[in-house]
$ cat entry_0.cif   # mmCIF, C-alpha atoms and all ligand atoms
data_my_file
loop_
_atom_site.label_atom_id
_atom_site.label_comp_id
_atom_site.auth_asym_id
_atom_site.auth_seq_id
_atom_site.Cartn_x
_atom_site.Cartn_y
_atom_site.Cartn_z
CA MET R 1 37.63 166.59 -141.13
CA GLN R 2 39.32 164.17 -138.75
CA ASN R 3 37.40 162.73 -135.77
CA PHE R 4 34.43 164.97 -136.56
CA ASN R 5 31.86 165.04 -133.81
CA LEU R 6 28.95 167.23 -132.77
CA SER R 7 30.38 168.61 -129.55
CA ARG R 8 31.15 172.26 -128.94
CA ASN R 9 34.52 171.08 -127.74
CA TYR R 10 35.38 169.89 -131.25
CA ALA R 11 34.77 173.45 -132.57
CA THR R 12 37.05 174.82 -129.86
CA GLN R 13 39.77 172.40 -130.92
CA LEU R 14 39.47 173.51 -134.54
CA ASP R 15 39.83 177.13 -133.43
CA PHE R 16 42.86 176.20 -131.40
CA GLN R 17 44.51 174.66 -134.48
CA ASP R 18 43.53 177.58 -136.76
CA GLU R 19 46.68 179.39 -137.90
CA LEU R 20 44.60 182.41 -139.00
CA ALA R 21 42.86 182.76 -135.63
CA SER R 22 44.77 185.88 -134.60
CA PHE R 23 43.49 187.87 -137.61
CA ARG R 24 40.15 188.18 -135.83
CA GLU R 25 41.81 190.64 -133.44
CA GLN R 26 42.29 193.05 -136.32
CA PHE R 27 38.52 193.60 -136.57
CA VAL R 28 36.08 195.58 -134.46
CA ILE R 29 34.00 193.00 -132.63
CA ASP R 30 31.63 194.95 -130.52
CA ASP R 31 29.56 192.05 -129.22
CA PRO R 32 31.27 188.64 -129.18
CA ASP R 33 27.93 186.92 -128.66
CA LEU R 34 26.58 188.27 -131.96
CA LEU R 35 27.16 185.61 -134.63
CA TYR R 36 27.93 187.57 -137.77
CA MET R 37 27.48 185.20 -140.69
CA ASP R 38 27.08 187.82 -143.38
CA GLY R 39 30.65 188.73 -144.24
CA ASN R 40 29.80 187.63 -147.77
CA SER R 41 27.47 190.65 -148.04
CA LEU R 42 29.26 193.23 -145.92
CA GLY R 43 32.58 192.45 -144.31
CA ARG R 44 33.36 193.53 -140.77
CA LEU R 45 34.98 196.85 -139.93
CA SER R 46 38.75 196.51 -139.58
CA LYS R 47 40.56 198.44 -136.88
CA ALA R 48 42.94 199.72 -139.54
CA SER R 49 40.05 201.29 -141.48
CA GLN R 50 38.64 202.82 -138.34
CA THR R 51 41.94 204.51 -137.54
CA ARG R 52 42.55 205.52 -141.13
CA VAL R 53 39.16 207.20 -141.62
CA ARG R 54 39.67 209.26 -138.48
CA GLU R 55 43.10 210.26 -139.73
CA VAL R 56 41.77 211.18 -143.18
CA LEU R 57 39.01 213.26 -141.63
CA ASP R 58 41.09 215.05 -139.04
CA ASP R 59 44.54 215.34 -140.60
CA GLU R 60 43.97 215.16 -144.32
CA TRP R 61 40.58 216.59 -145.24
CA GLY R 62 40.33 218.69 -142.06
CA ARG R 63 43.78 220.23 -142.26
CA ASP R 64 45.11 219.80 -145.77
CA LEU R 65 41.86 220.58 -147.56
CA ILE R 66 42.29 220.57 -151.35
CA ASN R 67 46.06 220.05 -150.99
CA GLY R 68 45.18 216.50 -150.00
CA TRP R 69 44.94 215.51 -153.65
CA ASN R 70 48.68 216.03 -154.13
CA LYS R 71 50.03 215.84 -150.61
CA ASN R 72 48.27 212.70 -149.41
CA GLY R 73 48.27 210.73 -152.63
CA TRP R 74 44.53 210.93 -153.09
CA TRP R 75 44.68 211.43 -156.84
CA ASP R 76 46.74 208.28 -157.39
CA ALA R 77 44.74 206.17 -154.95
CA PRO R 78 42.53 204.35 -157.51
CA LEU R 79 45.55 202.97 -159.37
CA ARG R 80 47.68 202.48 -156.25
CA ILE R 81 44.95 200.46 -154.54
CA GLY R 82 44.25 198.62 -157.79
CA GLU R 83 47.83 197.35 -157.68
CA LYS R 84 47.30 195.98 -154.16
CA ILE R 85 44.12 194.21 -155.22
CA ALA R 86 45.95 192.84 -158.26
CA ALA R 87 47.94 190.62 -155.90
CA LEU R 88 44.68 189.05 -154.70
CA VAL R 89 43.34 188.26 -158.16
CA GLY R 90 46.44 186.96 -159.91
CA ALA R 91 47.03 190.03 -162.07
CA ALA R 92 50.39 191.51 -163.00
CA GLN R 93 50.81 195.25 -162.54
CA GLY R 94 49.00 197.78 -164.68
CA GLN R 95 45.72 195.94 -165.13
CA VAL R 96 43.56 196.69 -162.08
CA LEU R 97 41.84 199.96 -161.20
CA VAL R 98 39.45 200.87 -158.40
CA SER R 99 36.47 202.83 -159.67
CA ASP R 100 32.71 203.24 -159.29
CA GLN R 101 30.46 200.34 -158.35
CA THR R 102 30.58 196.81 -159.70
CA SER R 103 27.47 197.46 -161.80
CA VAL R 104 28.99 200.54 -163.43
CA ASN R 105 32.25 198.71 -164.07
CA LEU R 106 30.31 195.91 -165.69
CA PHE R 107 28.65 198.42 -167.99
CA LYS R 108 31.99 199.94 -168.96
CA LEU R 109 33.82 196.68 -169.57
CA ALA R 110 30.94 194.86 -171.26
CA ALA R 111 30.49 197.80 -173.65
CA SER R 112 34.23 197.67 -174.44
CA ALA R 113 34.08 193.94 -175.01
CA LEU R 114 31.15 194.26 -177.41
CA ALA R 115 33.02 196.92 -179.38
CA LEU R 116 36.05 194.59 -179.59
CA ARG R 117 33.81 191.92 -181.11
CA ALA R 118 31.75 194.18 -183.38
CA GLY R 119 29.45 192.22 -185.68
CA ARG R 120 28.75 189.52 -183.10
CA LYS R 121 25.42 190.11 -181.44
CA GLN R 122 25.03 187.63 -178.65
CA ILE R 123 25.84 187.97 -174.95
CA VAL R 124 25.74 184.82 -172.81
CA SER R 125 25.18 184.73 -169.07
CA ASP R 126 23.80 182.61 -166.27
CA ALA R 127 20.10 182.73 -165.34
CA TYR R 128 21.30 182.39 -161.72
CA ASN R 129 23.69 185.31 -162.02
CA PHE R 130 23.30 188.26 -159.66
CA PRO R 131 20.33 190.14 -161.15
CA SER R 132 22.16 193.47 -161.39
CA ASP R 133 24.56 191.83 -163.85
CA LEU R 134 21.66 190.66 -165.99
CA TYR R 135 20.00 194.08 -165.81
CA VAL R 136 23.18 195.85 -166.91
CA LEU R 137 23.60 193.45 -169.81
CA GLN R 138 19.94 193.81 -170.81
CA GLY R 139 20.26 197.59 -170.65
CA LEU R 140 23.40 197.55 -172.74
CA ALA R 141 21.86 195.26 -175.36
CA ASN R 142 18.88 197.60 -175.47
CA LEU R 143 21.04 200.69 -175.78
CA LEU R 144 23.14 199.30 -178.61
CA SER R 145 20.31 197.75 -180.62
CA PRO R 146 18.26 199.44 -183.32
CA SER R 147 15.40 201.40 -181.86
CA PRO R 148 11.97 200.49 -183.25
CA LEU R 149 11.27 204.23 -183.60
CA GLN R 150 14.52 205.26 -185.24
CA GLY R 151 15.13 202.33 -187.57
CA GLU R 152 18.83 201.52 -187.66
CA GLY R 153 20.71 201.74 -184.36
CA ARG R 154 24.15 203.21 -184.00
CA VAL R 155 25.90 199.88 -183.92
CA GLY R 156 24.36 198.17 -186.89
CA GLY R 157 21.28 196.48 -188.17
CA ARG R 158 20.84 193.47 -185.89
CA ALA R 159 19.70 193.67 -182.30
CA TYR R 160 21.87 192.42 -179.45
CA GLU R 161 20.49 189.46 -177.58
CA LEU R 162 21.21 188.28 -174.03
CA VAL R 163 20.81 184.51 -173.68
CA THR R 164 21.08 182.63 -170.40
CA PHE R 165 21.71 179.05 -169.40
CA GLY R 166 20.08 177.42 -166.39
CA SER R 167 20.60 174.79 -163.75
CA ARG R 168 18.82 171.52 -163.12
CA ASP R 169 18.82 171.86 -159.34
CA GLY R 170 19.29 175.60 -158.78
CA ILE R 171 22.76 174.87 -157.37
CA THR R 172 25.00 173.62 -160.17
CA PRO R 173 24.92 175.42 -163.52
CA ASP R 174 24.29 173.38 -166.63
CA LEU R 175 27.73 173.64 -168.23
CA ASP R 176 26.69 171.67 -171.30
CA GLU R 177 23.97 174.21 -171.95
CA LEU R 178 26.50 177.01 -171.48
CA GLU R 179 28.80 175.41 -174.04
CA SER R 180 25.97 174.90 -176.51
CA LEU R 181 24.98 178.58 -176.28
CA ILE R 182 28.42 179.90 -177.26
CA THR R 183 28.53 180.29 -181.03
CA GLU R 184 30.38 182.25 -183.70
CA ASP R 185 27.84 185.02 -182.97
CA THR R 186 28.78 185.28 -179.28
CA ALA R 187 30.65 188.46 -178.43
CA LEU R 188 30.78 188.13 -174.66
CA VAL R 189 30.23 185.61 -171.87
CA GLU R 190 29.70 187.19 -168.45
CA LEU R 191 29.67 185.04 -165.31
CA SER R 192 30.00 185.37 -161.57
CA HIS R 193 33.05 183.36 -160.57
CA VAL R 194 31.13 182.31 -157.43
CA THR R 195 27.36 182.52 -157.80
CA PHE R 196 25.55 184.65 -155.25
CA LYS R 197 22.90 182.19 -154.20
CA SER R 198 24.33 178.68 -154.20
CA GLY R 199 27.98 179.66 -154.00
CA TYR R 200 28.91 177.49 -157.00
CA LEU R 201 32.49 178.15 -158.12
CA PHE R 202 33.10 178.11 -161.88
CA ASP R 203 36.33 176.71 -163.25
CA MET R 204 37.75 179.96 -164.59
CA GLN R 205 40.47 178.31 -166.65
CA LYS R 206 38.21 175.81 -168.34
CA ILE R 207 35.38 178.24 -169.09
CA THR R 208 37.74 180.94 -170.35
CA GLU R 209 39.29 178.44 -172.77
CA MET R 210 35.83 177.31 -173.87
CA VAL R 211 34.81 180.91 -174.61
CA HIS R 212 38.04 181.70 -176.46
CA ARG R 213 37.70 178.63 -178.68
CA LYS R 214 34.67 180.35 -180.21
CA GLY R 215 36.48 183.68 -180.54
CA ALA R 216 34.37 185.37 -177.85
CA LEU R 217 35.54 187.31 -174.79
CA VAL R 218 34.87 186.58 -171.13
CA LEU R 219 34.16 188.94 -168.25
CA TRP R 220 34.30 187.55 -164.70
CA ASP R 221 32.39 189.04 -161.78
CA LEU R 222 34.56 188.35 -158.72
CA CYS R 223 32.25 189.81 -156.04
CA HIS R 224 31.83 186.54 -154.17
CA SER R 225 35.32 185.16 -154.68
CA ILE R 226 37.68 188.09 -154.18
CA GLY R 227 39.44 187.79 -150.82
CA ALA R 228 38.26 184.26 -150.00
CA THR R 229 38.96 182.16 -153.10
CA PRO R 230 42.13 182.14 -155.20
CA VAL R 231 41.68 183.92 -158.52
CA ALA R 232 44.24 183.68 -161.33
CA LEU R 233 43.11 186.18 -163.96
CA ASP R 234 46.40 186.32 -165.88
CA ASP R 235 47.07 182.60 -165.77
CA CYS R 236 43.55 181.90 -167.02
CA ASN R 237 44.00 184.48 -169.78
CA ALA R 238 40.77 186.18 -168.68
CA ASP R 239 39.81 189.22 -170.73
CA PHE R 240 37.99 191.39 -168.18
CA ALA R 241 36.92 191.22 -164.54
CA ILE R 242 34.99 193.30 -162.04
CA GLY R 243 34.38 192.87 -158.33
CA CYS R 244 33.27 194.60 -155.17
CA THR R 245 35.46 195.29 -152.17
CA TYR R 246 32.88 195.37 -149.39
CA LYS R 247 32.44 191.62 -148.90
CA TYR R 248 35.51 189.51 -148.09
CA LEU R 249 37.83 192.50 -148.55
CA ASN R 250 36.00 194.38 -145.77
CA GLY R 251 36.16 197.71 -147.62
CA GLY R 252 32.98 199.11 -146.02
CA PRO R 253 29.43 199.76 -147.18
CA GLY R 254 29.45 201.08 -150.73
CA ALA R 255 33.26 200.96 -151.02
CA PRO R 256 34.31 201.43 -154.64
CA ALA R 257 34.77 198.38 -156.84
CA MET R 258 37.70 197.00 -158.84
CA LEU R 259 38.00 196.35 -162.54
CA TYR R 260 40.59 194.39 -164.53
CA VAL R 261 41.45 194.79 -168.18
CA ASN R 262 43.96 192.29 -169.53
CA LYS R 263 47.05 194.01 -170.99
CA LYS R 264 46.37 192.45 -174.37
CA HIS R 265 43.17 194.52 -174.75
CA GLN R 266 44.29 197.78 -173.26
CA ALA R 267 45.40 199.54 -176.43
CA ASP R 268 42.13 198.81 -178.22
CA ALA R 269 39.55 198.84 -175.43
CA SER R 270 37.64 202.07 -174.95
CA SER R 271 35.45 203.08 -172.04
CA PRO R 272 31.90 204.08 -172.99
CA ILE R 273 32.07 206.83 -170.33
CA TRP R 274 34.69 209.37 -171.28
CA GLY R 275 35.15 211.01 -167.88
CA TRP R 276 37.92 213.41 -166.96
CA TRP R 277 39.61 210.94 -164.60
CA GLY R 278 40.17 208.67 -167.61
CA GLN R 279 41.67 211.51 -169.67
CA SER R 280 45.37 211.42 -170.47
CA ASP R 281 45.99 214.89 -168.96
CA PRO R 282 42.98 215.93 -166.88
CA PHE R 283 44.46 219.20 -165.66
CA ALA R 284 45.20 220.41 -169.18
CA PHE R 285 41.41 220.78 -169.42
CA ASN R 286 41.47 220.11 -173.14
CA VAL R 287 38.06 220.07 -174.71
CA ASP R 288 38.72 216.89 -176.70
CA TYR R 289 38.95 213.56 -174.97
CA GLN R 290 42.22 211.70 -175.19
CA PRO R 291 42.18 208.42 -173.25
CA ALA R 292 44.82 207.79 -170.61
CA ASP R 293 47.19 204.92 -171.27
CA GLY R 294 46.28 201.49 -169.99
CA VAL R 295 43.64 200.59 -167.47
CA ALA R 296 43.49 204.20 -166.19
CA ARG R 297 41.21 205.13 -169.10
CA PHE R 298 38.42 203.22 -167.35
CA ALA R 299 38.28 205.76 -164.54
CA THR R 300 35.31 208.13 -164.78
CA GLY R 301 34.88 210.91 -162.19
CA THR R 302 36.12 211.90 -158.74
CA ALA R 303 36.80 208.87 -156.59
CA PRO R 304 35.01 208.73 -153.17
CA MET R 305 38.11 209.30 -151.08
CA LEU R 306 36.79 208.40 -147.62
CA SER R 307 35.49 205.04 -148.81
CA LEU R 308 38.49 204.40 -150.97
CA LEU R 309 41.05 205.04 -148.24
CA ALA R 310 39.05 203.09 -145.67
CA MET R 311 39.06 200.17 -148.09
CA GLU R 312 42.78 200.46 -148.76
CA SER R 313 43.53 199.96 -145.08
CA ALA R 314 41.16 197.03 -144.88
CA LEU R 315 43.19 195.09 -147.47
CA GLY R 316 46.06 194.52 -145.04
CA PRO R 317 44.77 191.37 -143.31
CA ALA R 318 43.84 189.58 -146.56
CA LEU R 319 47.19 190.44 -148.15
CA GLU R 320 49.04 189.25 -145.07
CA ALA R 321 47.09 186.01 -144.66
CA GLY R 322 47.42 185.12 -148.35
CA LEU R 323 44.87 183.31 -150.46
CA PRO R 324 46.06 179.74 -150.04
CA ARG R 325 45.56 179.97 -146.28
CA LEU R 326 42.29 181.89 -146.64
CA ARG R 327 40.93 179.28 -149.03
CA SER R 328 42.03 176.42 -146.85
CA LYS R 329 40.26 177.85 -143.79
CA SER R 330 37.19 178.85 -145.81
CA LEU R 331 36.80 175.27 -147.01
CA GLN R 332 37.29 173.87 -143.54
CA LEU R 333 34.59 176.22 -142.23
CA SER R 334 32.11 175.33 -144.97
CA GLU R 335 32.85 171.62 -144.66
CA TYR R 336 32.25 171.82 -140.91
CA LEU R 337 29.01 173.74 -141.36
CA ILE R 338 27.72 171.23 -143.90
CA ARG R 339 28.59 168.29 -141.65
CA LEU R 340 26.76 169.88 -138.70
CA SER R 341 23.81 170.81 -140.89
CA ASP R 342 23.52 167.27 -142.25
CA GLU R 343 23.36 165.90 -138.73
CA ILE R 344 21.32 168.54 -136.93
CA LEU R 345 19.39 170.69 -139.40
CA ALA R 346 18.51 168.25 -142.18
CA PRO R 347 16.17 166.29 -139.85
CA LEU R 348 14.46 169.64 -139.13
CA GLY R 349 13.60 170.26 -142.80
CA PHE R 350 16.72 171.99 -144.16
CA SER R 351 18.45 170.94 -147.34
CA LEU R 352 21.80 172.01 -148.73
CA GLY R 353 21.50 174.77 -151.33
CA SER R 354 25.24 174.81 -152.12
CA PRO R 355 27.58 172.34 -153.81
CA ARG R 356 28.63 169.43 -151.63
CA ASP R 357 31.82 169.12 -153.64
CA ALA R 358 34.31 171.52 -152.03
CA THR R 359 36.23 172.04 -155.28
CA VAL R 360 33.24 173.87 -156.79
CA ARG R 361 32.16 175.73 -153.68
CA GLY R 362 32.94 179.35 -152.75
CA SER R 363 32.94 180.72 -149.23
CA HIS R 364 29.25 180.80 -148.35
CA VAL R 365 26.76 178.03 -147.73
CA SER R 366 23.04 178.27 -148.48
CA LEU R 367 20.61 176.20 -146.46
CA ARG R 368 17.16 175.87 -147.93
CA HIS R 369 13.89 175.59 -146.02
CA ALA R 370 10.27 176.29 -146.98
CA ASP R 371 10.08 178.75 -144.05
CA ALA R 372 13.51 180.26 -144.66
CA TYR R 373 12.37 183.88 -144.54
CA ARG R 374 10.66 183.58 -141.16
CA ILE R 375 13.51 181.52 -139.73
CA ASN R 376 15.92 184.19 -140.89
CA ARG R 377 13.83 186.84 -139.12
CA ALA R 378 13.82 184.86 -135.88
CA LEU R 379 17.59 184.38 -136.05
CA ILE R 380 18.15 188.11 -136.46
CA GLU R 381 15.48 189.38 -134.09
CA GLU R 382 15.95 187.14 -131.09
CA MET R 383 18.89 184.78 -131.54
CA LYS R 384 21.73 187.21 -132.30
CA VAL R 385 22.59 185.40 -135.52
CA ILE R 386 22.98 187.44 -138.70
CA PRO R 387 22.79 185.48 -141.92
CA ASP R 388 20.84 186.75 -144.93
CA PHE R 389 17.90 185.53 -146.93
CA ARG R 390 17.83 185.06 -150.67
CA ALA R 391 14.49 184.27 -152.26
CA PRO R 392 12.78 181.96 -152.55
CA ASP R 393 14.08 179.73 -149.75
CA ASN R 394 17.78 180.26 -149.00
CA ILE R 395 19.40 181.22 -145.74
CA ARG R 396 22.92 182.21 -146.70
CA LEU R 397 25.73 181.81 -144.22
CA GLY R 398 28.92 183.62 -145.11
CA LEU R 399 32.18 182.18 -143.86
CA ALA R 400 34.80 184.89 -143.75
CA PRO R 401 38.10 183.15 -143.06
CA LEU R 402 39.74 186.22 -141.54
CA TYR R 403 37.36 186.35 -138.60
CA THR R 404 34.71 183.62 -138.59
CA THR R 405 35.48 181.02 -135.93
CA PHE R 406 34.53 177.35 -135.80
CA ALA R 407 32.83 178.01 -132.47
CA GLU R 408 30.62 180.59 -134.21
CA VAL R 409 29.64 178.01 -136.81
CA TRP R 410 28.77 175.50 -134.08
CA GLU R 411 26.77 178.11 -132.16
CA THR R 412 24.92 179.23 -135.30
CA VAL R 413 23.74 175.71 -135.99
CA GLU R 414 22.74 175.33 -132.35
CA ARG R 415 20.68 178.54 -132.42
CA MET R 416 19.06 177.47 -135.68
CA ARG R 417 18.13 174.19 -134.02
CA ILE R 418 16.52 176.07 -131.14
CA VAL R 419 14.51 178.27 -133.52
CA MET R 420 13.18 175.11 -135.15
CA VAL R 421 12.42 172.93 -132.14
CA GLU R 422 10.81 175.81 -130.27
CA LYS R 423 9.06 176.95 -133.46
CA ARG R 424 10.19 180.49 -132.74
CA TYR R 425 9.87 181.50 -136.39
CA GLU R 426 6.11 180.99 -136.37
CA LYS R 427 5.41 184.35 -134.81
CA TYR R 428 7.08 186.26 -137.66
CA SER R 429 5.14 187.33 -140.70
CA GLY R 430 6.34 186.43 -144.17
CA GLN R 431 6.11 190.12 -145.08
CA ARG R 432 9.54 190.97 -146.46
CA LEU R 433 11.63 193.88 -145.23
CA LYS R 434 13.29 196.06 -147.87
CA VAL R 435 16.74 194.57 -147.29
CA THR R 436 16.69 190.84 -146.64
C1 LIG R 501 27.80 188.95 -157.75
C2 LIG R 501 27.46 190.40 -157.63
N1 LIG R 501 27.58 191.19 -158.70
C3 LIG R 501 27.27 192.50 -158.65
C4 LIG R 501 26.84 193.08 -157.48
C5 LIG R 501 26.49 194.53 -157.48
O1 LIG R 501 27.46 195.31 -156.89
P1 LIG R 501 27.31 196.91 -156.81
O2 LIG R 501 26.17 197.20 -155.90
O3 LIG R 501 28.63 197.35 -156.26
O4 LIG R 501 27.07 197.43 -158.18
C6 LIG R 501 26.73 192.30 -156.32
C7 LIG R 501 26.26 192.89 -155.05
O5 LIG R 501 26.09 192.27 -154.04
C8 LIG R 501 27.02 190.92 -156.41
O6 LIG R 501 26.90 190.12 -155.34
#
$ encode --input "entry_0.cif" --output "structure tokens"
Amino acid sequence: MQNFNLSRNYATQLDFQDELASFREQFVIDDPDLLYMDGNSLGRLSKASQTRVREVLDDEWGRDLINGWNKNGWWDAPLRIGEKIAALVGAAQGQVLVSDQTSVNLFKLAASALALRAGRKQIVSDAYNFPSDLYVLQGLANLLSPSPLQGEGRVGGRAYELVTFGSRDGITPDLDELESLITEDTALVELSHVTFKSGYLFDMQKITEMVHRKGALVLWDLCHSIGATPVALDDCNADFAIGCTYKYLNGGPGAPAMLYVNKKHQADASSPIWGWWGQSDPFAFNVDYQPADGVARFATGTAPMLSLLAMESALGPALEAGLPRLRSKSLQLSEYLIRLSDEILAPLGFSLGSPRDATVRGSHVSLRHADAYRINRALIEEMKVIPDFRAPDNIRLGLAPLYTTFAEVWETVERMRIVMVEKRYEKYSGQRLKVT
């Protein structure tokens, strides 16, 4: 960051030099004074999605009714959109499908992975993983293990066990501990490529090789990397991946998720949910299930068409900008934020809750403070800054390279400074709202 200084003018210069600056115009920005720093939780609404949803409502659903499934390409949308997302995650054609939520996709793919490594009983994950991932894995281990009431379980005598590795500082995972946990009994390692709290970025290539050396399979959760961080699933020889589309891909609240099944597993992998959308010939209405070829067998039921088509349109800007440029701007934004925070916020009691080393950092930055929850409330309620709070003490600031500006980063730090020096957070209670 050349000639870095604390002036607002410096931020303006960075925006002037930003070759992605014009992408911001493709988003609905209702109030330019509102500093939206939560694109890592819910991306902004794109103008393309806004237009597309109106068109789907009025012209397709409204006029074409049920004919829309054939006429407007609704039926093929999950695979068609999967192919577009494939370009963002380094996957060749025929391996990505859009379906369900990330949590459901995790259940489906983790169950398939365990079946492909039958006999092995251990699942390894990260204690700092997104809790839903850990819950799904716990539930699956429970489901597939012998029940104390029934004696032997369906899958065999021994119970499945989920083991997790930790972190010494809550930011950087203990990779030695991860390596030591992977044994000849490990069936599956499941990790978030970028962790939700600190934003640590795992080395996908290195970890995948480490897992394969022990004969286990790896499943990557791409929620916090997809659309902001380059992902090379095929080149890393990853086995499975899942990810949401409502963060950096701007798909919209509750937009359906993606899943990836490497070609090498497709003939043998079986979904644990045999839904009709994953059937080889759904409209034959055969009573016996015959899986569709390839990744399509991981579809379950009717895809939520409004969300799906809104999300498809939202992919345009990310595909056009390309991941090298998105990553480059994302790192510049996070580097700038960290520099400003070191100078202005650290003396006010904040510490960095994300990796300082850019090579292992995703696209959000966590700033820790003992009063983080109340500060977060003050920012939202009276300062027109929207970050989010992640317990116990993290204010997360998402840097979405398609629309976050350097001036917004500068202004966010300035408003945080004001909240601290004027002690504006003191009037808020620590009582947590439902969504933080
Ligand atoms: C890393 C990670 N994994 C999984 C999920 C859960 O996604 P979903 O609600 O689509 O199941 C999230 C949601 O924010 C997440 O951040």
$ axis_aligned_box --input "entry_0.cif" --around "ligand LIG 501 (chain R)" --padding-each-side "4 Å" --output "JSON"
{"center_x": 27.4, "center_y": 193.2, "center_z": -156.4, "size_x": 10.5, "size_y": 16.5, "size_z": 12.7}
$ residues_near_ligand --input "entry_0.cif" --ligand "ligand LIG 501 (chain R)" --cutoff "9 Å" --atoms "only C-alpha atoms and all ligand atoms" --output "VMD selection string"
chain R and resid 40 to 42 100 to 106 129 to 133 191 to 197 221 to 225 242 to 247 254 to 257
$ closest_residue --input "entry_0.cif" --among "R:Ile380, R:Val96, R:Leu337, R:Met210" --to "Arg356 of chain R" --atoms "only C-alpha atoms"
R:Leu337
$ residues_around --input "entry_0.cif" --residues "Arg325 of chain R" --least-positions-apart "3" --cutoff "12 Å" --atoms "all atoms listed in the file" --output "list in words"
Asp18, Glu19, Leu20, Ala21, Phe23, Gly227, Ala228, Thr229, Pro230, Pro317, Ala318, Leu319, Glu320, Ala321, Gly322, Ser328, Lys329, Ser330, Leu331, Gln332, Pro401 and Leu402 of chain R
$ residues_around --input "entry_0.cif" --residues "Gln93 of chain R" --least-positions-apart "5" --cutoff "10 Å" --atoms "only C-alpha atoms" --output "list of chain:residue names"
R:Leu79, R:Gly82, R:Glu83, R:Lys84, R:Ile85, R:Ala86, R:Ala87, R:Lys263
$ write_last_selection --input "entry_0.cif" --atoms "C-alpha atoms" --output "PDB file, keeping the file's coordinate frame"
ATOM      1  CA  LEU R  79      45.550 202.970-159.370  1.00  0.00           C
ATOM      2  CA  GLY R  82      44.250 198.620-157.790  1.00  0.00           C
ATOM      3  CA  GLU R  83      47.830 197.350-157.680  1.00  0.00           C
ATOM      4  CA  LYS R  84      47.300 195.980-154.160  1.00  0.00           C
ATOM      5  CA  ILE R  85      44.120 194.210-155.220  1.00  0.00           C
ATOM      6  CA  ALA R  86      45.950 192.840-158.260  1.00  0.00           C
ATOM      7  CA  ALA R  87      47.940 190.620-155.900  1.00  0.00           C
ATOM      8  CA  LYS R 263      47.050 194.010-170.990  1.00  0.00           C
TER       9      LYS R 263
END
$ atom_distance --input "entry_0.cif" --atom1 "atom CA of Gln95 of chain R" --atom2 "atom CA of Leu259 of chain R"
8.2 Å
$ residues_near_point --input "entry_0.cif" --point "(41.0, 201.2, -174.8)" --cutoff "9 Å" --atoms "only C-alpha atoms" --output "PDB file with C-alpha atoms, in the frame of the given file"
ATOM      1  CA  SER R 112      34.230 197.670-174.440  1.00  0.00           C
ATOM      2  CA  HIS R 265      43.170 194.520-174.750  1.00  0.00           C
ATOM      3  CA  GLN R 266      44.290 197.780-173.260  1.00  0.00           C
ATOM      4  CA  ALA R 267      45.400 199.540-176.430  1.00  0.00           C
ATOM      5  CA  ASP R 268      42.130 198.810-178.220  1.00  0.00           C
ATOM      6  CA  ALA R 269      39.550 198.840-175.430  1.00  0.00           C
ATOM      7  CA  SER R 270      37.640 202.070-174.950  1.00  0.00           C
ATOM      8  CA  SER R 271      35.450 203.080-172.040  1.00  0.00           C
ATOM      9  CA  PRO R 291      42.180 208.420-173.250  1.00  0.00           C
ATOM     10  CA  ALA R 292      44.820 207.790-170.610  1.00  0.00           C
ATOM     11  CA  ASP R 293      47.190 204.920-171.270  1.00  0.00           C
ATOM     12  CA  GLY R 294      46.280 201.490-169.990  1.00  0.00           C
ATOM     13  CA  VAL R 295      43.640 200.590-167.470  1.00  0.00           C
ATOM     14  CA  ARG R 297      41.210 205.130-169.100  1.00  0.00           C
ATOM     15  CA  PHE R 298      38.420 203.220-167.350  1.00  0.00           C
TER      16      PHE R 298
END
$ residues_around --input "entry_0.cif" --residues "Gly349 of chain R" --least-positions-apart "5" --cutoff "9 Å" --atoms "all atoms listed in the file" --output "VMD selection string"
chain R and resid 368 to 370
$ write_last_selection --input "entry_0.cif" --atoms "C-alpha atoms" --output "short mmCIF file (atom, residue, chain, number, x, y, z; two decimals), in the frame of the given file"
data_model
loop_
_atom_site.label_atom_id
_atom_site.label_comp_id
_atom_site.auth_asym_id
_atom_site.auth_seq_id
_atom_site.Cartn_x
_atom_site.Cartn_y
_atom_site.Cartn_z
CA ARG R 368 17.16 175.87 -147.93
CA HIS R 369 13.89 175.59 -146.02
CA ALA R 370 10.27 176.29 -146.98
#
$ closest_residue --input "entry_0.cif" --among "R:Asp126, R:Asp281, R:Asp38, R:Asp15" --to "Asp388 of chain R" --atoms "only C-alpha atoms"
R:Asp38
$ residues_around --input "entry_0.cif" --residues "Asn5 of chain R" --least-positions-apart "5" --cutoff "10 Å" --atoms "all atoms listed in the file" --output "JSON list (two decimals) with C-alpha atoms, in the coordinates of the input"
[["chain", "number", "residue", "atom", "x", "y", "z"],
["R", 10, "TYR", "CA", 35.38, 169.89, -131.25],
["R", 11, "ALA", "CA", 34.77, 173.45, -132.57],
["R", 336, "TYR", "CA", 32.25, 171.82, -140.91],
["R", 339, "ARG", "CA", 28.59, 168.29, -141.65],
["R", 340, "LEU", "CA", 26.76, 169.88, -138.70],
["R", 343, "GLU", "CA", 23.36, 165.90, -138.73]]
$ atom_distance --input "entry_0.cif" --atom1 "atom CA of Leu137 of chain R" --atom2 "atom CA of Leu114 of chain R"
10.7 Å
$ atom_distance --input "entry_0.cif" --atom1 "atom CA of Val89 of chain R" --atom2 "atom CA of Ala400 of chain R"
17.1 Å
$ decode --input "entry_0.cif" --residues "segment 129-135 of chain R" --atoms "C-alpha atoms" --output "tab-separated table (two decimals), in the first residue's frame"
chain	number	residue	atom	x	y	z
R	129	ASN	CA	-16.09	-24.16	11.76
R	130	PHE	CA	-19.52	-22.64	11.16
R	131	PRO	CA	-21.68	-24.38	13.78
R	132	SER	CA	-24.28	-25.60	11.28
R	133	ASP	CA	-21.54	-27.68	9.66
R	134	LEU	CA	-20.67	-29.26	12.99
R	135	TYR	CA	-24.34	-29.89	13.78
